[in-house]
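Q: Handing over work_13.txt, compact mmCIF, C-alpha atoms.
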```
# COMPACT_ATOMS: atom_id res chain seq x y z
CA MET A 1 2.12 -15.16 -101.91
CA SER A 2 5.71 -14.84 -103.12
CA GLY A 3 8.77 -16.96 -103.84
CA PHE A 4 9.82 -18.35 -107.21
CA VAL A 5 7.89 -17.30 -110.30
CA GLU A 6 9.32 -20.43 -111.94
CA LYS A 7 11.28 -22.68 -109.57
CA PRO A 8 14.17 -24.25 -111.49
CA GLU A 9 14.95 -27.93 -111.55
CA PRO A 10 18.45 -28.46 -110.11
CA ILE A 11 21.12 -29.95 -112.34
CA GLN A 12 22.01 -33.48 -111.33
CA VAL A 13 25.76 -34.22 -111.17
CA PRO A 14 27.21 -37.66 -110.41
CA GLY A 15 28.80 -37.69 -106.95
CA LEU A 16 26.88 -34.64 -105.77
CA VAL A 17 23.68 -34.65 -103.70
CA HIS A 18 21.44 -31.62 -104.19
CA LEU A 19 20.51 -30.11 -100.83
CA HIS A 20 18.76 -26.79 -101.44
CA THR A 21 17.62 -24.27 -104.03
CA GLY A 22 17.98 -20.72 -102.74
CA LYS A 23 17.11 -17.38 -104.28
CA VAL A 24 20.41 -17.30 -106.14
CA ARG A 25 22.43 -20.39 -105.13
CA GLU A 26 22.14 -24.13 -105.55
CA LEU A 27 23.67 -26.10 -102.71
CA TYR A 28 25.11 -29.61 -103.06
CA ARG A 29 27.16 -32.00 -100.93
CA ASN A 30 30.04 -33.98 -102.42
CA GLU A 31 31.22 -37.45 -101.44
CA ALA A 32 33.81 -36.00 -99.05
CA GLY A 33 31.05 -34.21 -97.12
CA ASP A 34 32.01 -30.75 -98.36
CA LEU A 35 29.45 -28.29 -99.69
CA VAL A 36 29.39 -27.17 -103.31
CA MET A 37 27.79 -23.75 -103.80
CA VAL A 38 26.78 -22.71 -107.30
CA ALA A 39 25.72 -19.10 -107.92
CA SER A 40 23.08 -18.81 -110.63
CA ASP A 41 22.15 -15.71 -112.63
CA ARG A 42 18.77 -15.49 -110.87
CA ILE A 43 17.71 -12.18 -109.38
CA SER A 44 15.11 -11.43 -106.74
CA ALA A 45 13.08 -8.36 -105.84
CA TYR A 46 10.20 -7.73 -103.46
CA ASP A 47 10.44 -11.31 -102.14
CA TRP A 48 10.04 -12.79 -105.63
CA VAL A 49 12.70 -14.67 -107.58
CA LEU A 50 12.10 -13.28 -111.04
CA PRO A 51 11.65 -15.30 -114.24
CA THR A 52 14.38 -13.32 -116.03
CA GLU A 53 18.07 -13.90 -115.33
CA ILE A 54 20.93 -11.36 -115.42
CA PRO A 55 23.80 -12.77 -117.53
CA ASP A 56 27.09 -13.25 -115.63
CA LYS A 57 25.55 -12.21 -112.31
CA GLY A 58 26.45 -15.46 -110.55
CA ARG A 59 30.05 -15.27 -111.72
CA VAL A 60 30.36 -11.64 -110.63
CA LEU A 61 29.05 -12.49 -107.16
CA THR A 62 31.39 -15.46 -106.83
CA GLN A 63 34.52 -13.72 -108.10
CA LEU A 64 33.87 -10.60 -106.04
CA SER A 65 33.35 -12.72 -102.91
CA LEU A 66 36.64 -14.50 -103.54
CA TRP A 67 38.42 -11.15 -103.90
CA TRP A 68 36.94 -9.92 -100.63
CA PHE A 69 37.82 -13.14 -98.80
CA GLU A 70 41.47 -12.41 -99.68
CA GLN A 71 41.25 -8.85 -98.35
CA LEU A 72 39.72 -10.06 -95.08
CA ALA A 73 41.76 -13.22 -94.47
CA ASP A 74 43.61 -11.79 -91.45
CA LEU A 75 40.34 -10.75 -89.78
CA ALA A 76 38.16 -13.79 -90.36
CA PRO A 77 38.78 -17.26 -91.79
CA ASN A 78 36.39 -18.23 -94.58
CA HIS A 79 34.72 -21.41 -95.77
CA VAL A 80 36.27 -21.73 -99.26
CA LEU A 81 38.25 -24.93 -99.90
CA SER A 82 38.55 -24.90 -103.70
CA THR A 83 37.39 -23.20 -106.87
CA GLU A 84 37.96 -26.30 -109.01
CA LEU A 85 34.93 -27.71 -110.80
CA PRO A 86 33.68 -31.00 -109.35
CA PRO A 87 34.15 -33.95 -111.76
CA GLY A 88 31.21 -34.19 -114.15
CA ALA A 89 29.95 -30.67 -113.43
CA PRO A 90 28.66 -28.66 -116.42
CA ALA A 91 31.07 -26.19 -118.01
CA ASP A 92 28.66 -23.36 -117.14
CA TRP A 93 29.60 -23.81 -113.49
CA GLU A 94 33.08 -22.47 -114.21
CA GLY A 95 33.63 -19.29 -112.20
CA ARG A 96 30.42 -19.67 -110.24
CA ALA A 97 31.03 -22.85 -108.17
CA LEU A 98 32.86 -23.04 -104.84
CA VAL A 99 33.74 -26.08 -102.77
CA CYS A 100 33.31 -25.06 -99.15
CA LYS A 101 33.65 -26.39 -95.63
CA SER A 102 30.47 -27.75 -94.12
CA LEU A 103 29.91 -25.49 -91.12
CA ARG A 104 27.52 -25.39 -88.20
CA MET A 105 25.75 -22.25 -89.37
CA VAL A 106 24.57 -19.58 -86.95
CA PRO A 107 20.91 -18.76 -87.78
CA VAL A 108 21.46 -14.99 -87.79
CA GLU A 109 21.88 -12.45 -90.59
CA CYS A 110 24.76 -10.33 -89.28
CA VAL A 111 24.04 -6.84 -90.60
CA ALA A 112 26.43 -3.92 -90.22
CA ARG A 113 25.27 -0.39 -90.96
CA GLY A 114 27.52 2.61 -91.37
CA TYR A 115 24.86 4.81 -92.98
CA LEU A 116 21.15 5.30 -92.38
CA THR A 117 18.77 4.04 -95.05
CA GLY A 118 16.27 1.27 -95.82
CA SER A 119 14.51 -0.43 -92.93
CA GLY A 120 16.89 1.28 -90.51
CA LEU A 121 15.69 4.69 -91.70
CA ALA A 122 12.04 3.65 -91.31
CA GLU A 123 12.63 2.63 -87.69
CA TYR A 124 14.71 5.73 -86.98
CA ASP A 125 11.95 8.00 -88.27
CA GLU A 126 9.54 6.40 -85.80
CA SER A 127 11.67 6.01 -82.69
CA ARG A 128 15.18 7.43 -83.26
CA THR A 129 16.50 3.88 -82.93
CA VAL A 130 17.69 1.10 -85.24
CA CYS A 131 17.21 -2.44 -83.89
CA GLY A 132 16.72 -0.80 -80.49
CA LEU A 133 20.01 1.15 -80.65
CA ALA A 134 19.52 4.84 -79.89
CA LEU A 135 20.83 7.26 -82.52
CA PRO A 136 21.22 11.06 -82.40
CA GLU A 137 18.62 13.49 -83.69
CA GLY A 138 18.90 15.10 -87.10
CA LEU A 139 19.86 12.11 -89.26
CA VAL A 140 18.32 11.76 -92.72
CA ASP A 141 18.31 9.23 -95.54
CA GLY A 142 21.95 8.54 -96.38
CA SER A 143 23.47 10.08 -93.23
CA GLU A 144 26.73 8.55 -92.04
CA LEU A 145 26.31 7.17 -88.53
CA PRO A 146 28.61 8.28 -85.69
CA ALA A 147 30.01 4.73 -85.70
CA PRO A 148 29.03 1.49 -87.46
CA ILE A 149 26.31 -0.50 -85.69
CA PHE A 150 25.45 -4.21 -85.54
CA THR A 151 21.79 -4.71 -86.44
CA PRO A 152 21.08 -8.43 -86.73
CA ALA A 153 18.11 -10.07 -88.42
CA THR A 154 16.55 -13.50 -88.49
CA LYS A 155 17.16 -15.44 -91.70
CA ALA A 156 13.94 -15.95 -93.69
CA GLU A 157 12.87 -18.63 -96.13
CA VAL A 158 12.56 -17.83 -99.85
CA GLY A 159 9.59 -15.50 -100.27
CA GLU A 160 9.68 -14.22 -96.69
CA HIS A 161 11.12 -11.06 -95.13
CA ASP A 162 14.18 -11.13 -92.90
CA GLU A 163 13.11 -9.62 -89.57
CA ASN A 164 15.29 -7.18 -87.64
CA VAL A 165 15.89 -8.29 -84.05
CA SER A 166 17.70 -6.82 -81.05
CA TYR A 167 21.15 -7.85 -79.92
CA GLU A 168 19.57 -9.16 -76.75
CA GLU A 169 17.34 -11.47 -78.79
CA VAL A 170 20.38 -12.82 -80.65
CA ALA A 171 22.11 -13.46 -77.33
CA ARG A 172 19.03 -15.29 -76.10
CA GLN A 173 18.92 -17.46 -79.23
CA VAL A 174 22.60 -18.35 -79.68
CA GLY A 175 24.18 -17.50 -76.34
CA ALA A 176 25.96 -14.43 -75.04
CA GLU A 177 29.45 -15.57 -76.06
CA THR A 178 28.46 -16.34 -79.66
CA ALA A 179 26.46 -13.11 -79.94
CA ALA A 180 29.46 -11.08 -78.80
CA ALA A 181 31.73 -12.88 -81.26
CA LEU A 182 29.28 -12.24 -84.11
CA ARG A 183 29.07 -8.54 -83.31
CA GLN A 184 32.84 -8.13 -83.01
CA ALA A 185 33.55 -9.99 -86.27
CA THR A 186 30.77 -8.25 -88.19
CA LEU A 187 31.90 -4.75 -87.24
CA ALA A 188 35.59 -5.53 -87.80
CA VAL A 189 34.96 -6.94 -91.28
CA TYR A 190 32.57 -4.11 -92.20
CA SER A 191 35.04 -1.43 -91.07
CA ARG A 192 37.86 -2.95 -93.12
CA ALA A 193 35.63 -3.30 -96.20
CA ARG A 194 34.23 0.23 -95.80
CA ASP A 195 37.74 1.68 -95.85
CA ILE A 196 38.80 -0.39 -98.88
CA ALA A 197 35.64 0.59 -100.78
CA ARG A 198 36.07 4.25 -99.88
CA GLU A 199 39.58 4.24 -101.40
CA ARG A 200 37.95 3.05 -104.64
CA GLY A 201 35.24 5.70 -104.72
CA ILE A 202 32.43 3.60 -103.28
CA VAL A 203 30.41 4.13 -100.10
CA LEU A 204 29.61 0.83 -98.36
CA ALA A 205 26.39 1.88 -96.65
CA ASP A 206 25.54 -1.47 -95.10
CA THR A 207 26.04 -5.17 -95.64
CA LYS A 208 25.11 -8.55 -94.22
CA PHE A 209 27.27 -11.54 -93.39
CA GLU A 210 26.67 -15.14 -92.45
CA PHE A 211 28.90 -17.06 -90.07
CA GLY A 212 29.25 -20.67 -89.05
CA PHE A 213 31.42 -22.71 -86.71
CA ASP A 214 34.20 -25.03 -87.82
CA GLY A 215 34.75 -26.73 -84.46
CA ASP A 216 35.21 -23.77 -82.11
CA ASP A 217 36.30 -21.35 -84.85
CA LEU A 218 33.91 -18.72 -86.18
CA VAL A 219 34.13 -18.74 -89.99
CA LEU A 220 32.84 -16.28 -92.59
CA ALA A 221 30.54 -18.06 -95.05
CA ASP A 222 28.26 -17.65 -98.06
CA GLU A 223 28.84 -14.59 -100.25
CA VAL A 224 30.47 -11.44 -98.90
CA LEU A 225 30.28 -7.79 -99.85
CA THR A 226 28.54 -8.16 -103.19
CA PRO A 227 25.83 -5.95 -104.67
CA ASP A 228 23.31 -8.62 -103.59
CA SER A 229 24.31 -8.48 -99.93
CA SER A 230 25.41 -4.84 -99.64
CA ARG A 231 24.43 -1.29 -100.47
CA PHE A 232 27.19 0.29 -102.57
CA TRP A 233 26.83 3.97 -103.47
CA PRO A 234 29.02 6.12 -105.77
CA ALA A 235 31.01 8.28 -103.34
CA ASP A 236 31.05 11.27 -105.67
CA ARG A 237 27.24 11.32 -105.80
CA TRP A 238 26.57 10.63 -102.13
CA GLN A 239 24.23 13.31 -100.81
CA PRO A 240 22.38 12.78 -97.52
CA GLY A 241 18.71 13.74 -97.53
CA ARG A 242 17.65 11.80 -100.59
CA ALA A 243 17.70 8.29 -101.99
CA GLN A 244 21.20 7.42 -103.23
CA GLN A 245 22.21 5.94 -106.56
CA SER A 246 23.45 2.40 -106.06
CA TYR A 247 25.36 -0.50 -107.61
CA ASP A 248 22.67 -3.12 -107.29
CA LYS A 249 19.29 -4.19 -108.64
CA GLN A 250 17.65 -0.77 -108.33
CA PHE A 251 16.90 -0.77 -112.07
CA VAL A 252 14.87 -3.94 -111.50
CA ARG A 253 12.98 -2.52 -108.51
CA ASP A 254 12.26 0.75 -110.32
CA TRP A 255 10.90 -0.99 -113.41
CA LEU A 256 8.74 -3.42 -111.43
CA THR A 257 7.06 -0.56 -109.58
CA SER A 258 6.63 1.56 -112.72
CA ALA A 259 3.46 1.86 -114.78
CA GLU A 260 5.31 0.25 -117.69
CA SER A 261 5.56 -3.13 -115.92
CA GLY A 262 1.83 -3.24 -115.21
CA TRP A 263 2.53 -5.18 -112.00
CA ASP A 264 0.75 -4.47 -108.74
CA ARG A 265 3.23 -5.23 -105.97
CA LYS A 266 0.38 -5.64 -103.47
CA SER A 267 -1.38 -8.25 -105.56
CA GLU A 268 -0.73 -11.98 -105.36
CA GLN A 269 0.23 -12.09 -109.02
CA PRO A 270 3.88 -12.87 -109.85
CA PRO A 271 5.95 -10.13 -111.47
CA PRO A 272 6.42 -10.15 -115.26
CA PRO A 273 9.64 -10.87 -117.20
CA LEU A 274 12.15 -8.02 -117.35
CA PRO A 275 12.70 -6.11 -120.60
CA GLN A 276 16.12 -6.36 -122.21
CA GLN A 277 17.13 -2.78 -121.39
CA VAL A 278 16.60 -3.42 -117.66
CA VAL A 279 18.58 -6.66 -117.88
CA ASP A 280 21.47 -4.90 -119.67
CA ALA A 281 21.53 -1.95 -117.26
CA THR A 282 21.46 -4.21 -114.21
CA ARG A 283 24.27 -6.41 -115.54
CA ALA A 284 26.34 -3.29 -116.23
CA LYS A 285 25.94 -2.14 -112.61
CA TYR A 286 27.12 -5.48 -111.22
CA VAL A 287 30.13 -5.47 -113.53
CA GLU A 288 30.94 -1.83 -112.73
CA ALA A 289 30.94 -2.58 -109.00
CA TYR A 290 33.29 -5.53 -109.55
CA GLU A 291 35.70 -3.50 -111.67
CA LEU A 292 35.78 -0.49 -109.35
CA LEU A 293 36.35 -2.56 -106.23
CA THR A 294 38.88 -5.05 -107.55
CA GLY A 295 40.62 -2.83 -110.09
CA GLN A 296 40.32 -5.72 -112.54
CA SER A 297 38.58 -5.74 -115.91
CA TRP A 298 35.61 -8.09 -116.21
CA SER A 299 35.89 -10.37 -119.22
```
If you took the structure in this file and wrote it as structure tokens, what would it be?

A:
Amino acid sequence: MSGFVEKPEPIQVPGLVHLHTGKVRELYRNEAGDLVMVASDRISAYDWVLPTEIPDKGRVLTQLSLWWFEQLADLAPNHVLSTELPPGAPADWEGRALVCKSLRMVPVECVARGYLTGSGLAEYDESRTVCGLALPEGLVDGSELPAPIFTPATKAEVGEHDENVSYEEVARQVGAETAAALRQATLAVYSRARDIARERGIVLADTKFEFGFDGDDLVLADEVLTPDSSRFWPADRWQPGRAQQSYDKQFVRDWLTSAESGWDRKSEQPPPPLPQQVVDATRAKYVEAYELLTGQSWS
């Protein structure tokens, strides 16, 4: 069992129809047929959406995504139409709500990896492959790959694991032409973002994108290149052969699996609330990633 420890009730706004509650985002449709995405301060770990929020997290994710969309505009169009608050929306939505095109979404998590870690490392240790792609001998946790690779996954419901799949399976599901377009766009966007991050002292180890179609045009959607969808490592502390420090929710994961939390990850019991020091440290990491990447002070 997993999912929401406490599933929130969506805010009702005149003129908006609530469509979906995700791990982090609430999704609405306005009267024009556009989507309104609202990033909450919720945080998830080990397939649970935790009962404790991280202040400002939703705004950081939204503002960082907007910054990245600007950096990538010549490579991939995006779904953002407006950042203006819908009429009647609560003031708390400021900075965390986006009005977006309604796209025909492709049901694939488009993952790009430039470094070996996580589930990719686990598969490599068994078979010297990642998502069926052969890799050279001698790689370790944190190794840079000879070239970035496209390692897609199926998109899971809240509380379920995304499942890595082969490129051939993606082609079978969505068609060879769409699969090729997804791979090309994913690797192009990752490579651009990796170079930008590197200039700012951050290693972009891997990331995942979502795409949809606006007519015949492939469009970049959802959030992009945030600490929730990417592994960011401090470049000056990158050292292959060990777990890397990261700009994400590692403080949350570490505390949940510590004796202090008292939580058994293998049990069916939901995780406990986070202590304030873990909340503060996690918020600081999100803000630090934003400031390093954008060069702008968070206020």

Q: Could you jot down the CA of Gly58 (chain A) to CA of Glu223 (chain A) separation for me, Å, one decimal place?

A: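 Separation of CA of Gly58 (chain A) and CA of Glu223 (chain A): 10.6 Å.
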
Q: Tell me which of A:Glu53, A:Val108, A:Ala147, A:Asp206 sits closest to Ala171 (chain A), counting all atoms listed in the file.

A: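 Nearest candidate to Ala171 (chain A) out of A:Glu53, A:Val108, A:Ala147, A:Asp206: A:Val108.
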
Q: Between CA of Ala91 (chain A) and CA of Thr294 (chain A), what distance in Å does the model show, to one decimal?

A: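 According to the coordinates, CA of Ala91 (chain A) and CA of Thr294 (chain A) are separated by 24.8 Å.
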
Q: Name the closest residue to Pro240 (chain A) among the candidates A:Thr52, A:Thr151, A:Ser143, A:Ser40; distances are taken between atoms, counting only C-alpha atoms.

A: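 Counting only C-alpha atoms, the residue closest to Pro240 (chain A) is A:Ser143.
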
Q: Skipping near chain neighbours, those fewer than 4 positions away, what residues fall within 7 Å of Val165 (chain A) using all atoms listed in the file, listed as a VMD selection string?

A: chain A and resid 131 152 to 154 169

Q: Can you find the residues with an atom no farther than 12 Å from (21.3, -30.5, -112.9), counting all atoms listed in the file, and report them as an MDAnalysis selection string?

A: chainID A and resid 8:18 21 26:28 38 88:93

Q: To one decimal place, how far is CA of Asp34 (chain A) from CA of Cys100 (chain A) in Å?

A: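 Going from CA of Asp34 (chain A) over to CA of Cys100 (chain A), I get 5.9 Å.
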
Q: Identify which of the residues A:Ser119, A:Gln239, A:Ser258, A:Gln173 lies closest to Val203 (chain A), counting only C-alpha atoms when measuring atom-to-atom distances.

A: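 Using only C-alpha atoms, Val203 (chain A) sits closest to A:Gln239.
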